[in-house]
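Here's the structure, in structure tokens; my notes come after.
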Amino acid sequence: MIVRDATTGSVALTSDYVWRGSSQTREKPAIQGSFKYAHESGLYASVWGSNVKFKPDNGASSEFDIALGWSGKVAQDWALDVYYLRYQYPGSDVNLNWNEVNAAVTWRDNYWVAVGHSTNAMASKTTGTYALVGARYPINDTWRVEGTLARYFLDSTYAKSYTHGSIGVVWAFKAPFEARLTLHGTDSATKQLFPGMAGSRAEFALQASF
């Protein structure tokens, strides 16, 4: 569902901040929050934040993702979301900030394909293209199952391209609260790029939306 001419947000507590297959908190808990303003034209601006702790330590303790984009229906069952995303890491000892252009197409609110491209992927000064397919299956008004499969195409001068996926169960037990259990899995190339921070893992999160 696309929300327009409105402000929305969320607050979440998660057992591990997992981004594209790897832990961003050394497998420790994270507190996360988001705020979004969407205009009736479909244009929107949003910011999402979380605590982080990388390995090896580079001084970064927080991450803010700032997005500017447009979303809207392009047909009866189809929706499009295109946006510019800025990853910002205040306090880091090195320059970790980078940009990405993203697009996602959703069918009937339950199936989607997303692509992101950057000429400075993960602040590596090399190109990277991220492709993901996802699906959700509502069991009833309270429970749903979600899954994703993704491939990160990276410049070989930086790292090998890698694949990761997830499957999760979401329990919307009392509005505006929901609990989520997600199982993550990665291939060996992910483990090489993120030693000790990738591989099979479980993530539990509690979220409130407003």
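Each chain of the structure tokens is named A, B, ... in the order shown, its residues numbered from 1; ligands are numbered from 1 in display order.
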
- Name all residues at most 8 Å from Phe54 (chain A) (count only C-alpha atoms; drop same-chain ones fewer than 5 positions away) and give them as a list in words.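 The filter keeps Gln24, Thr25, Arg26 and Ala60 of chain A.
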
Review point. DSSP on the backbone: what in chain A comes out strand (DSSP E), as a ChimeraX atom specification?
Key: /A:6-14,18-19,22-23,30-38,43-51,62-73,78-88,98-107,111-118,128-138,143-154,162-174,177-186,201-209

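By only C-alpha atoms, and with residues fewer than 2 positions from Asn51 (chain A) along its chain excluded, the set lying at most 6 Å from it is Ala30, Ser61 and Ser62 of chain A.
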
Keeping only all heavy atoms, write those residues as a compact mmCIF listing (two decimals), in the first residue's frame.
# COMPACT_ATOMS: atom_id res chain seq x y z
N ALA A 30 20.30 -3.97 18.01
CA ALA A 30 20.25 -2.62 17.43
C ALA A 30 18.90 -1.99 17.71
O ALA A 30 17.87 -2.68 17.77
CB ALA A 30 20.51 -2.67 15.93
N SER A 61 29.54 4.43 14.77
CA SER A 61 28.62 3.92 15.78
C SER A 61 27.16 4.08 15.36
O SER A 61 26.26 3.55 16.02
CB SER A 61 28.83 4.64 17.11
OG SER A 61 28.61 6.04 16.97
N SER A 62 26.91 4.80 14.25
CA SER A 62 25.55 4.99 13.79
C SER A 62 25.51 5.06 12.27
O SER A 62 26.51 5.38 11.62
CB SER A 62 24.94 6.27 14.37
OG SER A 62 25.69 7.40 13.98

When you look at Val113 (chain A) with a cut-off of 10 Å (counting only C-alpha atoms), what residues show up, excluding the ones that are within fewer than 2 positions of it in the same chain? I need them as a ChimeraX atom specification.
/A:80,103-107,111,115,131-135,148-150

| said: Can you tell me which residues surround Asn140 (chain A) at a distance of at most 12 Å, considering only C-alpha atoms, apart from same-chain residues fewer than 5 positions away, and format the answer as a PyMOL selection string? | reply: chain A and resi 145+170-173

What lies within 6 Å of Glu63 (chain A) using only C-alpha atoms, ignoring chain neighbours under 4 positions off, as number ranges by chain? A: 49-50, 88-89

Of A:Asn97, A:Thr142, A:Thr126, A:Gln32, the one sitting nearest Leu154 (chain A) when using only C-alpha atoms is A:Thr126

Quick one: contact table of region 45-129 of chain A to region 3-22 of chain A, 10 Å max, nearest atom pair and distance in Å to one decimal per residue, counting only C-alpha atoms, chain and number order, as CSV?
residue,atom,partner,partner_atom,distance
A:Ala45,CA,A:Thr7,CA,9.8
A:Ser46,CA,A:Gly9,CA,9.0
A:Val47,CA,A:Gly9,CA,9.3
A:Trp48,CA,A:Gly9,CA,9.0
A:Gly49,CA,A:Val11,CA,9.7
A:Ser50,CA,A:Tyr17,CA,8.2
A:Asn51,CA,A:Tyr17,CA,8.5
A:Val52,CA,A:Tyr17,CA,7.8
A:Lys53,CA,A:Tyr17,CA,9.7
A:Ser71,CA,A:Arg4,CA,9.1
A:Gly72,CA,A:Arg4,CA,9.0

So which residues touch Gly196 (chain A) within 12 Å, counting only C-alpha atoms, skipping near sequence neighbours fewer than 2 positions away, as a ChimeraX atom specification? /A:21-27,54-56,186,188,190-194,198-201

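Interatomic distance, CA of Ser92 (chain A) to CA of Ile31 (chain A): 18.7 Å.
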
| said: If I take CA of His39 (chain A) and CA of Lys174 (chain A), how far is one from the other in Å, to one decimal? | reply: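 Straight-line distance from CA of His39 (chain A) to CA of Lys174 (chain A) works out to 28.1 Å.
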
| field | Interatomic distance (Å, one decimal) between CA of Arg108 (chain A) and CA of Pro138 (chain A) | value |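 We find that CA of Arg108 (chain A) and CA of Pro138 (chain A) lie 12.1 Å from each other.
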
| request: Per DSSP on the backbone, filter chain A down to the residues in helix (DSSP H, G or I) and report them as a PyMOL selection string. | output: chain A and resi 121-123+188-193

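Using only C-alpha atoms, the nearest neighbour of Ala114 (chain A) within the list A:Asp141, A:Asp81, A:Glu178, A:Glu40 is A:Asp81.
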